[in-house]
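Enquirer: To be precise about what I am sending: the file is called target.csv and holds CSV, C-alpha atoms and all ligand atoms.
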```csv
chain,number,residue,atom,x,y,z
A,274,MET,CA,0.0,0.0,0.0
A,275,LYS,CA,1.4,3.4,-1.0
A,276,THR,CA,1.3,5.9,1.9
A,277,LEU,CA,0.0,9.4,1.7
A,278,PRO,CA,2.6,12.1,1.7
A,279,ALA,CA,2.5,14.8,4.4
A,280,PHE,CA,0.0,17.7,3.9
A,281,ARG,CA,-2.1,19.9,6.1
A,282,LEU,CA,-5.9,19.2,6.0
A,283,GLN,CA,-8.4,22.0,6.1
A,284,ARG,CA,-12.1,21.3,6.5
A,285,PRO,CA,-14.1,24.6,6.2
A,286,ARG,CA,-17.8,24.4,7.1
A,287,SER,CA,-18.9,27.3,4.9
A,288,LEU,CA,-18.4,28.3,1.3
A,289,GLU,CA,-17.1,31.7,2.4
A,290,ALA,CA,-14.4,30.1,4.6
A,291,ALA,CA,-13.4,27.8,1.8
A,292,LEU,CA,-13.0,30.6,-0.7
A,293,GLU,CA,-10.9,32.7,1.7
A,294,LEU,CA,-8.6,29.7,2.3
A,295,LEU,CA,-8.4,29.2,-1.5
A,296,ASP,CA,-7.5,32.8,-2.0
A,297,ASP,CA,-4.7,32.6,0.6
A,298,LEU,CA,-3.3,29.2,-0.5
A,299,ARG,CA,-3.8,29.2,-4.3
A,300,ASP,CA,-1.3,26.8,-6.0
A,301,ASP,CA,-0.2,25.4,-2.6
A,302,CYS,CA,-3.7,23.8,-2.2
A,303,ARG,CA,-5.8,21.1,-3.8
A,304,VAL,CA,-9.5,20.8,-3.4
A,305,LEU,CA,-10.8,17.4,-2.1
A,306,ALA,CA,-14.5,16.5,-2.8
A,307,GLY,CA,-15.2,12.7,-2.9
A,308,GLY,CA,-11.4,12.1,-3.1
A,309,THR,CA,-11.8,9.1,-5.5
A,310,ASP,CA,-9.3,10.7,-8.0
A,311,LEU,CA,-7.3,13.1,-5.8
A,312,VAL,CA,-6.3,10.5,-3.2
A,313,VAL,CA,-4.9,8.2,-5.8
A,314,ASN,CA,-2.9,11.1,-7.2
A,315,LEU,CA,-1.6,12.0,-3.7
A,316,ARG,CA,-0.5,8.5,-3.1
A,317,ASN,CA,1.3,8.4,-6.4
A,318,GLN,CA,2.9,11.8,-5.6
A,319,SER,CA,1.7,13.1,-8.9
A,320,GLU,CA,0.0,15.8,-6.8
A,321,THR,CA,2.1,17.2,-3.9
A,322,PRO,CA,0.1,20.1,-2.3
A,323,LYS,CA,1.0,21.6,1.0
A,324,VAL,CA,-2.7,21.8,2.0
A,325,VAL,CA,-5.7,19.7,1.1
A,326,LEU,CA,-9.0,21.6,1.3
A,327,ALA,CA,-11.8,19.1,2.0
A,328,ILE,CA,-15.1,20.7,0.9
A,329,GLY,CA,-17.4,17.8,1.9
A,330,ASN,CA,-18.9,19.6,4.8
A,331,ILE,CA,-20.2,22.6,2.8
A,332,ALA,CA,-24.0,22.1,2.6
A,333,ALA,CA,-24.4,25.0,0.2
A,334,LEU,CA,-22.7,22.9,-2.5
A,335,ARG,CA,-25.2,20.1,-2.4
A,336,GLY,CA,-28.6,19.7,-4.1
A,337,ILE,CA,-30.3,19.2,-7.4
A,338,SER,CA,-33.2,21.4,-8.5
A,339,TYR,CA,-35.2,22.2,-11.6
A,340,ASP,CA,-37.8,24.8,-12.6
A,341,GLU,CA,-38.8,26.3,-15.9
A,342,ARG,CA,-37.3,29.7,-15.2
A,343,ASP,CA,-33.8,28.6,-14.0
A,344,GLY,CA,-33.5,25.2,-15.6
A,345,LEU,CA,-31.5,22.5,-14.0
A,346,ARG,CA,-29.1,23.4,-11.2
A,347,VAL,CA,-26.8,20.8,-9.7
A,348,GLY,CA,-24.4,21.5,-6.8
A,349,ALA,CA,-20.8,20.6,-7.2
A,350,LEU,CA,-21.0,18.1,-4.3
A,351,ALA,CA,-24.0,16.2,-5.8
A,352,THR,CA,-22.8,12.7,-6.0
A,353,ILE,CA,-22.7,10.7,-9.3
A,354,GLY,CA,-25.2,8.3,-7.5
A,355,GLU,CA,-27.6,11.2,-6.7
A,356,ILE,CA,-27.4,12.3,-10.4
A,357,SER,CA,-28.0,8.8,-11.8
A,358,SER,CA,-31.0,8.2,-9.5
A,359,SER,CA,-32.6,11.7,-9.8
A,360,PRO,CA,-36.1,11.3,-11.3
A,361,VAL,CA,-36.0,14.9,-12.8
A,362,ILE,CA,-32.7,14.2,-14.5
A,363,ASP,CA,-33.9,10.8,-15.8
A,364,GLN,CA,-37.1,12.4,-17.2
A,365,LEU,CA,-35.8,15.7,-18.6
A,366,PHE,CA,-32.1,15.1,-19.2
A,367,PRO,CA,-31.7,11.4,-20.1
A,368,VAL,CA,-28.2,11.8,-21.7
A,369,LEU,CA,-26.9,12.9,-18.3
A,370,SER,CA,-28.7,10.2,-16.4
A,371,LYS,CA,-27.3,7.6,-18.8
A,372,ALA,CA,-23.7,8.8,-18.7
A,373,SER,CA,-23.7,9.0,-14.9
A,374,ALA,CA,-25.0,5.4,-14.6
A,375,THR,CA,-21.9,4.2,-16.6
A,376,ILE,CA,-19.4,5.7,-14.2
A,377,SER,CA,-17.3,3.0,-12.3
A,378,GLY,CA,-19.3,1.0,-9.7
A,379,PRO,CA,-21.9,1.8,-7.0
A,380,THR,CA,-19.3,2.5,-4.2
A,381,LEU,CA,-17.5,5.1,-6.3
A,382,ARG,CA,-20.7,6.6,-7.5
A,383,ALA,CA,-21.7,7.1,-3.8
A,384,MET,CA,-18.4,9.0,-3.2
A,385,GLY,CA,-17.5,10.7,-6.4
A,386,THR,CA,-19.0,14.2,-7.1
A,387,LEU,CA,-20.1,16.2,-10.1
A,388,GLY,CA,-17.4,18.9,-9.4
A,389,GLY,CA,-14.7,16.2,-9.0
A,390,ASN,CA,-15.8,14.6,-12.2
A,391,LEU,CA,-15.7,17.8,-14.3
A,392,CYS,CA,-12.3,18.7,-12.8
A,393,LEU,CA,-10.9,15.2,-13.1
A,394,ASP,CA,-7.2,15.1,-14.0
A,395,THR,CA,-6.3,14.0,-17.5
A,396,ARG,CA,-5.0,10.4,-17.7
A,397,CYS,CA,-1.9,8.8,-19.4
A,398,HIS,CA,-0.3,5.4,-19.0
A,399,TRP,CA,3.1,7.2,-18.5
A,400,PHE,CA,1.7,9.4,-15.7
A,401,ASN,CA,-0.9,7.4,-13.7
A,402,GLN,CA,1.7,5.3,-12.0
A,403,SER,CA,3.6,5.2,-8.7
A,404,PHE,CA,6.4,7.7,-8.1
A,405,ASP,CA,9.0,4.9,-8.4
A,406,TRP,CA,7.6,3.7,-11.7
A,407,ARG,CA,7.6,7.3,-13.2
A,408,GLN,CA,11.1,7.9,-11.9
A,409,SER,CA,12.5,4.7,-13.4
A,410,CYS,CA,11.0,5.4,-16.8
A,411,GLY,CA,12.0,9.1,-16.7
A,412,PHE,CA,9.5,11.8,-15.6
A,413,CYS,CA,7.5,13.5,-18.3
A,414,LEU,CA,6.6,17.2,-18.9
A,415,LYS,CA,3.3,16.9,-17.1
A,416,LYS,CA,5.4,16.8,-13.9
A,417,ASP,CA,9.1,16.9,-13.1
A,418,GLY,CA,10.3,16.1,-16.7
A,419,ASP,CA,10.8,17.9,-19.9
A,420,ILE,CA,9.6,15.5,-22.6
A,421,CYS,CA,6.3,13.9,-23.6
A,422,HIS,CA,6.7,10.1,-24.0
A,423,VAL,CA,3.5,9.8,-26.1
A,424,ALA,CA,4.2,12.6,-28.5
A,425,ARG,CA,7.9,13.4,-28.3
A,426,SER,CA,7.9,16.6,-30.3
A,427,SER,CA,4.8,18.0,-28.5
A,428,PRO,CA,5.4,21.1,-26.4
A,429,ILE,CA,2.3,20.3,-24.3
A,430,CYS,CA,0.9,17.3,-22.5
A,431,VAL,CA,-1.6,15.3,-24.6
A,432,ALA,CA,-3.0,13.2,-21.8
A,433,THR,CA,-6.6,12.2,-22.2
A,434,SER,CA,-9.7,13.8,-20.5
A,435,CYS,CA,-11.6,10.8,-19.2
A,436,GLY,CA,-14.7,12.1,-17.5
A,437,ASP,CA,-18.1,10.7,-18.5
A,438,LEU,CA,-20.3,13.7,-17.4
A,439,ALA,CA,-18.6,16.4,-19.4
A,440,PRO,CA,-19.7,15.1,-22.9
A,441,ALA,CA,-23.2,14.6,-21.7
A,442,LEU,CA,-23.3,18.2,-20.2
A,443,LEU,CA,-21.8,19.6,-23.4
A,444,THR,CA,-24.7,18.2,-25.4
A,445,LEU,CA,-27.1,20.0,-23.0
A,446,ASP,CA,-25.2,23.4,-23.4
A,447,ALA,CA,-24.4,23.5,-19.7
A,448,SER,CA,-22.4,26.1,-17.9
A,449,VAL,CA,-20.3,26.0,-14.7
A,450,VAL,CA,-20.4,28.6,-12.0
A,451,LEU,CA,-17.0,29.4,-10.6
A,452,ARG,CA,-16.8,31.4,-7.3
A,453,SER,CA,-13.8,33.1,-5.7
A,454,SER,CA,-13.8,35.3,-2.6
A,455,THR,CA,-14.1,38.3,-4.9
A,456,ASP,CA,-16.2,37.3,-7.9
A,457,GLU,CA,-18.4,34.8,-9.6
A,458,ARG,CA,-18.0,33.7,-13.2
A,459,ILE,CA,-20.4,31.7,-15.3
A,460,VAL,CA,-18.5,29.9,-18.0
A,461,ARG,CA,-19.9,27.7,-20.8
A,462,LEU,CA,-18.7,24.2,-20.3
A,463,ASP,CA,-17.3,24.2,-23.8
A,464,ASP,CA,-15.1,27.2,-22.9
A,465,PHE,CA,-14.1,25.7,-19.5
A,466,TYR,CA,-11.9,23.0,-21.1
A,467,LEU,CA,-8.5,23.7,-22.6
A,468,ASP,CA,-6.5,21.7,-25.1
A,469,ASP,CA,-3.5,21.2,-22.7
A,470,GLY,CA,-3.4,18.0,-20.6
A,471,THR,CA,-1.6,19.9,-17.8
A,472,THR,CA,-3.5,23.2,-17.6
A,473,LYS,CA,-6.8,21.5,-18.5
A,474,PHE,CA,-9.4,24.2,-17.4
A,475,ASP,CA,-10.2,27.8,-17.5
A,476,ARG,CA,-10.2,27.9,-13.7
A,477,ARG,CA,-8.1,30.2,-11.5
A,478,PRO,CA,-6.4,28.7,-8.4
A,479,ASP,CA,-8.6,30.9,-6.2
A,480,GLU,CA,-11.8,29.6,-7.8
A,481,LEU,CA,-14.1,26.8,-6.8
A,482,LEU,CA,-16.6,25.1,-9.1
A,483,VAL,CA,-19.8,25.5,-7.1
A,484,GLU,CA,-22.6,24.6,-9.5
A,485,VAL,CA,-23.6,23.4,-12.9
A,486,ARG,CA,-26.5,24.9,-14.8
A,487,VAL,CA,-28.4,23.5,-17.7
A,488,PRO,CA,-30.9,25.7,-19.6
A,489,THR,CA,-34.6,24.9,-19.9
A,490,SER,CA,-34.1,24.8,-23.7
A,491,SER,CA,-32.1,21.6,-23.3
A,492,ALA,CA,-34.9,19.9,-21.3
A,493,ALA,CA,-36.8,16.9,-22.8
A,494,LEU,CA,-34.2,16.1,-25.5
A,495,SER,CA,-33.8,12.4,-26.3
A,496,GLY,CA,-30.4,11.2,-25.1
A,497,PHE,CA,-27.8,8.5,-25.6
A,498,TYR,CA,-24.4,7.7,-24.2
A,499,GLY,CA,-22.1,5.1,-25.6
A,500,LYS,CA,-18.9,4.2,-23.8
A,501,LEU,CA,-16.0,1.9,-24.6
A,502,ARG,CA,-14.2,0.5,-21.5
A,503,VAL,CA,-12.3,-2.7,-20.6
A,504,ARG,CA,-14.4,-3.9,-17.7
A,505,GLY,CA,-18.1,-2.9,-17.9
A,506,ALA,CA,-18.5,-2.7,-14.1
A,507,ILE,CA,-15.7,-0.2,-13.2
A,508,ASP,CA,-13.5,1.3,-15.8
A,509,TYR,CA,-12.9,4.8,-17.2
A,510,PRO,CA,-13.9,5.4,-20.8
A,511,LEU,CA,-11.5,4.8,-23.6
A,512,ALA,CA,-13.9,6.4,-25.9
A,513,GLY,CA,-17.3,7.9,-25.2
A,514,VAL,CA,-20.0,9.7,-27.3
A,515,ALA,CA,-22.9,11.6,-25.9
A,516,VAL,CA,-25.8,12.5,-28.2
A,517,ALA,CA,-28.9,14.7,-27.5
A,518,GLY,CA,-31.5,15.9,-29.9
A,519,LYS,CA,-35.0,16.0,-31.1
A,520,LEU,CA,-37.0,15.6,-34.4
A,521,THR,CA,-39.6,17.8,-36.0
A,522,GLU,CA,-43.1,16.3,-36.3
A,523,HIS,CA,-42.2,15.4,-39.9
A,524,GLY,CA,-39.1,13.4,-39.0
A,525,PHE,CA,-36.3,15.9,-39.6
A,526,PHE,CA,-33.5,16.7,-37.1
A,527,GLU,CA,-34.6,19.9,-35.4
A,528,HIS,CA,-31.8,19.9,-32.8
A,529,ALA,CA,-28.7,17.7,-32.5
A,530,ARG,CA,-25.7,17.7,-30.3
A,531,LEU,CA,-22.8,15.3,-30.3
A,532,ALA,CA,-19.8,15.4,-27.9
A,533,VAL,CA,-16.9,13.0,-27.4
A,534,THR,CA,-14.7,12.1,-24.5
A,535,ALA,CA,-11.5,10.1,-23.8
A,536,VAL,CA,-10.0,10.7,-27.2
A,537,ALA,CA,-8.2,14.0,-26.6
A,538,PRO,CA,-7.0,16.3,-23.7
A,539,ARG,CA,-10.5,17.8,-23.6
A,540,PRO,CA,-14.1,16.7,-24.3
A,541,TYR,CA,-15.5,18.5,-27.3
A,542,HIS,CA,-18.5,19.0,-29.6
A,543,VAL,CA,-18.4,17.6,-33.2
A,544,ARG,CA,-19.7,20.9,-34.7
A,545,ASP,CA,-19.5,19.7,-38.3
A,546,ALA,CA,-21.9,16.8,-37.6
A,547,GLU,CA,-24.2,19.1,-35.5
A,548,HIS,CA,-24.5,21.6,-38.2
A,549,PHE,CA,-24.9,19.0,-40.9
A,550,LEU,CA,-27.8,17.3,-39.2
A,551,ILE,CA,-30.1,20.3,-38.7
A,552,GLY,CA,-33.0,20.1,-41.1
A,553,LYS,CA,-32.0,16.7,-42.6
A,554,PRO,CA,-34.3,13.7,-42.7
A,555,ALA,CA,-33.7,11.4,-39.8
A,556,ASN,CA,-32.8,8.3,-41.8
A,557,ASP,CA,-29.9,5.9,-42.1
A,558,ASP,CA,-28.2,7.8,-44.9
A,559,THR,CA,-28.1,11.1,-42.9
A,560,ILE,CA,-27.0,9.2,-39.8
A,561,ARG,CA,-24.2,7.4,-41.7
A,562,GLN,CA,-22.8,10.7,-43.0
A,563,ALA,CA,-22.9,12.4,-39.5
A,564,ALA,CA,-21.3,9.4,-37.9
A,565,GLU,CA,-18.5,9.6,-40.5
A,566,MET,CA,-17.9,13.2,-39.4
A,567,VAL,CA,-17.5,12.1,-35.8
A,568,TYR,CA,-15.0,9.5,-36.9
A,569,ASN,CA,-13.1,12.2,-38.9
A,570,ALA,CA,-13.0,14.5,-36.0
A,571,THR,CA,-11.5,11.9,-33.7
A,572,THR,CA,-7.7,11.2,-33.4
A,573,PRO,CA,-6.9,9.4,-30.2
A,574,LEU,CA,-3.3,8.9,-29.2
A,575,LYS,CA,-1.7,6.0,-27.4
A,576,THR,CA,-2.1,7.3,-23.9
A,577,GLY,CA,-3.0,4.0,-22.4
A,578,GLY,CA,-5.7,1.3,-22.1
A,579,MET,CA,-5.9,-2.0,-23.8
A,580,TYR,CA,-7.5,-0.8,-27.1
A,581,SER,CA,-5.6,0.7,-30.0
A,582,PRO,CA,-6.2,4.3,-30.9
A,583,GLY,CA,-7.6,3.0,-34.3
A,584,TYR,CA,-10.2,0.8,-32.5
A,585,ARG,CA,-11.2,3.6,-30.1
A,586,ARG,CA,-11.7,5.9,-33.1
A,587,LEU,CA,-13.8,3.3,-34.9
A,588,ARG,CA,-16.1,3.0,-31.8
A,589,THR,CA,-16.8,6.7,-31.8
A,590,ARG,CA,-18.4,6.2,-35.3
A,591,LEU,CA,-20.5,3.3,-34.1
A,592,PHE,CA,-21.6,5.1,-30.9
A,593,ALA,CA,-22.5,8.2,-33.0
A,594,ARG,CA,-24.6,6.0,-35.3
A,595,ASP,CA,-26.4,4.2,-32.4
A,596,GLY,CA,-27.0,7.5,-30.6
A,597,LEU,CA,-28.5,9.2,-33.7
A,598,ARG,CA,-30.6,6.1,-34.4
A,599,THR,CA,-31.9,6.4,-30.8
A,600,ILE,CA,-32.8,10.1,-31.3
A,601,ALA,CA,-34.4,9.2,-34.6
A,602,GLY,CA,-36.5,6.5,-33.0
A,603,LEU,CA,-35.0,3.9,-35.3
A,604,GLU,CA,-34.2,0.5,-33.7
A,605,GLU,CA,-30.7,0.2,-32.3
A,606,ARG,CA,-28.5,-2.3,-34.1
B,1,LIG,C1,-11.4,2.7,-10.1
B,1,LIG,C2,-11.9,4.0,-10.6
B,1,LIG,C3,-12.8,4.0,-11.7
B,1,LIG,C4,-13.2,5.3,-12.2
B,1,LIG,N1,-14.1,5.2,-13.3
B,1,LIG,C5,-14.5,6.4,-13.8
B,1,LIG,C6,-15.5,6.4,-14.9
B,1,LIG,O1,-15.9,5.3,-15.4
B,1,LIG,N2,-15.9,7.6,-15.4
B,1,LIG,C7,-15.4,8.8,-14.8
B,1,LIG,O2,-15.8,9.8,-15.3
B,1,LIG,N3,-14.6,8.8,-13.8
B,1,LIG,C8,-14.1,7.7,-13.2
B,1,LIG,N4,-13.3,7.7,-12.2
B,1,LIG,C9,-12.7,9.0,-11.7
B,1,LIG,C10,-13.4,9.6,-10.5
B,1,LIG,O3,-13.5,8.8,-9.5
B,1,LIG,C11,-14.7,10.2,-10.8
B,1,LIG,O4,-14.6,11.0,-12.0
B,1,LIG,C12,-15.3,11.1,-9.7
B,1,LIG,O5,-16.5,11.7,-10.1
B,1,LIG,C13,-14.4,12.2,-9.2
B,1,LIG,O6,-15.1,12.9,-8.2
B,1,LIG,P1,-14.5,13.2,-6.7
B,1,LIG,O7,-15.5,14.0,-6.0
B,1,LIG,O8,-14.1,11.9,-6.1
B,1,LIG,O9,-13.2,14.0,-7.1
B,1,LIG,P2,-11.9,14.3,-6.2
B,1,LIG,O10,-11.0,13.1,-6.3
B,1,LIG,O11,-12.3,14.8,-4.9
B,1,LIG,O12,-11.3,15.5,-7.1
B,1,LIG,C14,-10.9,15.3,-8.4
B,1,LIG,C15,-10.3,16.6,-9.0
B,1,LIG,O13,-11.2,17.6,-9.0
B,1,LIG,C16,-10.8,18.7,-8.2
B,1,LIG,N5,-12.1,19.2,-7.6
B,1,LIG,C17,-13.0,18.5,-7.0
B,1,LIG,N6,-14.1,19.2,-6.7
B,1,LIG,C18,-13.9,20.5,-7.1
B,1,LIG,C19,-14.6,21.7,-7.1
B,1,LIG,N7,-15.8,21.8,-6.6
B,1,LIG,N8,-14.0,22.8,-7.7
B,1,LIG,C20,-12.8,22.7,-8.2
B,1,LIG,N9,-12.0,21.6,-8.3
B,1,LIG,C21,-12.6,20.5,-7.7
B,1,LIG,C22,-9.9,18.2,-7.2
B,1,LIG,O14,-9.0,19.1,-6.7
B,1,LIG,C23,-9.2,17.1,-8.0
B,1,LIG,O15,-8.2,17.7,-8.8
B,1,LIG,C24,-12.8,6.5,-11.6
B,1,LIG,C25,-11.9,6.5,-10.5
B,1,LIG,C26,-11.5,5.2,-10.0
B,1,LIG,C27,-10.5,5.3,-8.9
B,2,LIG,S1,0.8,12.8,-22.5
B,2,LIG,FE1,3.0,13.1,-22.4
B,2,LIG,S2,3.4,14.8,-20.9
B,2,LIG,FE2,1.3,14.1,-20.7
B,2,LIG,S3,1.3,12.6,-19.1
B,2,LIG,FE3,1.6,11.4,-20.9
B,2,LIG,S4,3.8,11.3,-21.3
B,2,LIG,FE4,3.4,12.9,-19.7
```
Can you give me the file's structure in the form of C-alpha cells?
Expert:
Amino acid sequence: MKTLPAFRLQRPRSLEAALELLDDLRDDCRVLAGGTDLVVNLRNQSETPKVVLAIGNIAALRGISYDERDGLRVGALATIGEISSSPVIDQLFPVLSKASATISGPTLRAMGTLGGNLCLDTRCHWFNQSFDWRQSCGFCLKKDGDICHVARSSPICVATSCGDLAPALLTLDASVVLRSSTDERIVRLDDFYLDDGTTKFDRRPDELLVEVRVPTSSAALSGFYGKLRVRGAIDYPLAGVAVAGKLTEHGFFEHARLAVTAVAPRPYHVRDAEHFLIGKPANDDTIRQAAEMVYNATTPLKTGGMYSPGYRRLRTRLFARDGLRTIAGLEER
C-alpha cells in the first residue's frame, strides 16, 4: 500500500471560509471533494500540495433542482449516484442520467461528485503510475520532466480527458459557476476545457466550481451515451460519445448535439456533424454521414488502455450512429 505524503488538511464548514482559504493558498492547495481521483494522485505523488482543502462539509454545494425559469441546477457536491438516481434528470435530461450510470461502480458513485468529475485530472499510461515507476522510466513534462513520452515533439501534455459527465453536459449546453472570494463567473462548459493536458481548465487557483447549470431549452431532448471500456463494471472510458436531440413532427432533425470524450485532452462537440444534421431527414443515410464526421473529428493517441487508438476511433463512429438512431426512433443495431 502506498502511503499518503504529508500535507495539512483544512475542512471549512462554509463556502465563504473555503473561498478565503483558496484565496490565501492558491497553487499550494488542492480541493478534495469525494477524493476518488485526488487521493490516488496524492499516493502516487503526482499531486504534492502543502494543503488539502476538504469541501465535503459545505452544505451549500449540495442539491439538485429544476424549474422552468432557472433550468437544472446541480451543486458541485451532488454525487454521481444522486445524479443517476434523480427522477427529474432521468425524465428531462436522459443523456446525463445515462452517462452517470456508466461511471465506475456503486461505491465510487456514492463518493464521487459532479465537481470532481468535471475537474478530473487527465490520464496517461506514463503518468498514472507510482512515483518509483515514473522515476524509473523518466519523468515527463506533465510533472518533473521535460519530454512527452507519447508525442515526443509535442510542447504540451496530450494526456486524455476521461470524464463521462462532461460530454453529456456539453450536449445540454451546460455552464459551470466558478466562485472566488471576490467574484463569480459563469463559463460555458465548452469554454471551460482547454487543449492542454496539464492546464486543463479555465479555472483560476482561487476559484471553486460551485454549481452546474443546464438551460430549460435543453430539457426533454432524447439522449444516448455510448462508452468503450475494458471492464463494464468499473473502468474509465477509452472512448465515449454523448448524443442529445429531437426531431420535427415530420421526422427531420430539429436539434442535434454530439460530444466525445476520452480521445483528446479535452471533451469536445463535433460541430460539423451538429450543423450538418439540422433540417436533414432522420434516416440511415443522414446518420451514416454524420457518424463519419464524428470519426473524422477523432484522433486518439496511445495514452493507455488495452485498445488501440484506431479501435477507439472506430467505436466513436459506431456510438454516434447508435446514438443518432436512438434520437431518430430507429431501432438500435
Ligand atoms: C477505479 C476508478 C474508476 C473510475 N471510473 C470512472 C469512470 O468510469 N468515469 C469517470 O468519469 N470517472 C471515473 N473515475 C474517476 C473519478 O472517481 C470520478 O470522476 C469522480 O466523479 C471524481 O469525483 P471526486 O469527488 O471523487 O473527485 P476528487 O478526487 O475529490 O477531485 C478530483 C479533482 O477535481 C478537483 N475538484 C473536486 N471538486 C472540485 C470543485 N468543486 N471545484 C474545483 N475543483 C474540484 C480536485 O482538486 C481534483 O483535482 C474512476 C476512478 C477510479 C478510482
Ligand atoms: S501525454 Fe506526455 S506529458 Fe502528458 S502525461 Fe503522458 S507522457 Fe506525460
Enquirer: Enumerate residues in contact with ligand LIG 2 (chain B): an atom-to-atom distance of at most 12 Å, counting only C-alpha atoms and all ligand atoms. Format the result as a PyMOL selection string.
Expert: chain A and resi 319+394-402+407+410-434+468-473+536-538+573-577
Enquirer: Hey, what's within 12 Å of A:Phe526 if we count all atoms listed in the file and toss same-chain stuff fewer than 2 positions away? As a count of residues only, please?
Expert: 32
Enquirer: As an exercise, work out the distance from atom CA of A:Gly513 to atom P1 of ligand LIG 1 (chain B) in Å and give it to one decimal place.
Expert: 19.4 Å
Enquirer: Using only C-alpha atoms, which of A:Thr380, A:Ser373, A:Thr455, A:Ser448 sits nearest A:Tyr498?
Expert: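 Closest candidate: A:Ser373.
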Enquirer: Name the residues in contact with A:Arg382 at a cut-off of 8 Å, using only C-alpha atoms, excluding same-chain residues fewer than 5 positions from it; report them as a ChimeraX atom specification.
Expert: /A:352-354,376-377
Enquirer: Distance limit 6 Å, reference ligand LIG 1 (chain B), atoms considered: only C-alpha atoms and all ligand atoms. Which residues make the cut? Give them as a PDB file with C-alpha atoms, keeping the file's coordinate frame.
Expert:
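Written file, part_16.pdb:
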```
ATOM      1  CA  ARG A 303      -5.800  21.100  -3.800  1.00  0.00           C
ATOM      2  CA  VAL A 304      -9.500  20.800  -3.400  1.00  0.00           C
ATOM      3  CA  LEU A 305     -10.800  17.400  -2.100  1.00  0.00           C
ATOM      4  CA  ALA A 306     -14.500  16.500  -2.800  1.00  0.00           C
ATOM      5  CA  GLY A 307     -15.200  12.700  -2.900  1.00  0.00           C
ATOM      6  CA  GLY A 308     -11.400  12.100  -3.100  1.00  0.00           C
ATOM      7  CA  THR A 309     -11.800   9.100  -5.500  1.00  0.00           C
ATOM      8  CA  ASP A 310      -9.300  10.700  -8.000  1.00  0.00           C
ATOM      9  CA  LEU A 311      -7.300  13.100  -5.800  1.00  0.00           C
ATOM     10  CA  ALA A 349     -20.800  20.600  -7.200  1.00  0.00           C
ATOM     11  CA  ILE A 376     -19.400   5.700 -14.200  1.00  0.00           C
ATOM     12  CA  SER A 377     -17.300   3.000 -12.300  1.00  0.00           C
ATOM     13  CA  MET A 384     -18.400   9.000  -3.200  1.00  0.00           C
ATOM     14  CA  GLY A 385     -17.500  10.700  -6.400  1.00  0.00           C
ATOM     15  CA  THR A 386     -19.000  14.200  -7.100  1.00  0.00           C
ATOM     16  CA  LEU A 387     -20.100  16.200 -10.100  1.00  0.00           C
ATOM     17  CA  GLY A 388     -17.400  18.900  -9.400  1.00  0.00           C
ATOM     18  CA  GLY A 389     -14.700  16.200  -9.000  1.00  0.00           C
ATOM     19  CA  ASN A 390     -15.800  14.600 -12.200  1.00  0.00           C
ATOM     20  CA  CYS A 392     -12.300  18.700 -12.800  1.00  0.00           C
ATOM     21  CA  LEU A 393     -10.900  15.200 -13.100  1.00  0.00           C
ATOM     22  CA  ASP A 394      -7.200  15.100 -14.000  1.00  0.00           C
ATOM     23  CA  CYS A 435     -11.600  10.800 -19.200  1.00  0.00           C
ATOM     24  CA  GLY A 436     -14.700  12.100 -17.500  1.00  0.00           C
ATOM     25  CA  ASP A 437     -18.100  10.700 -18.500  1.00  0.00           C
ATOM     26  CA  LEU A 481     -14.100  26.800  -6.800  1.00  0.00           C
ATOM     27  CA  LEU A 482     -16.600  25.100  -9.100  1.00  0.00           C
ATOM     28  CA  VAL A 483     -19.800  25.500  -7.100  1.00  0.00           C
ATOM     29  CA  ILE A 507     -15.700  -0.200 -13.200  1.00  0.00           C
ATOM     30  CA  ASP A 508     -13.500   1.300 -15.800  1.00  0.00           C
ATOM     31  CA  TYR A 509     -12.900   4.800 -17.200  1.00  0.00           C
ATOM     32  CA  PRO A 510     -13.900   5.400 -20.800  1.00  0.00           C
TER      33      PRO A 510
END
```
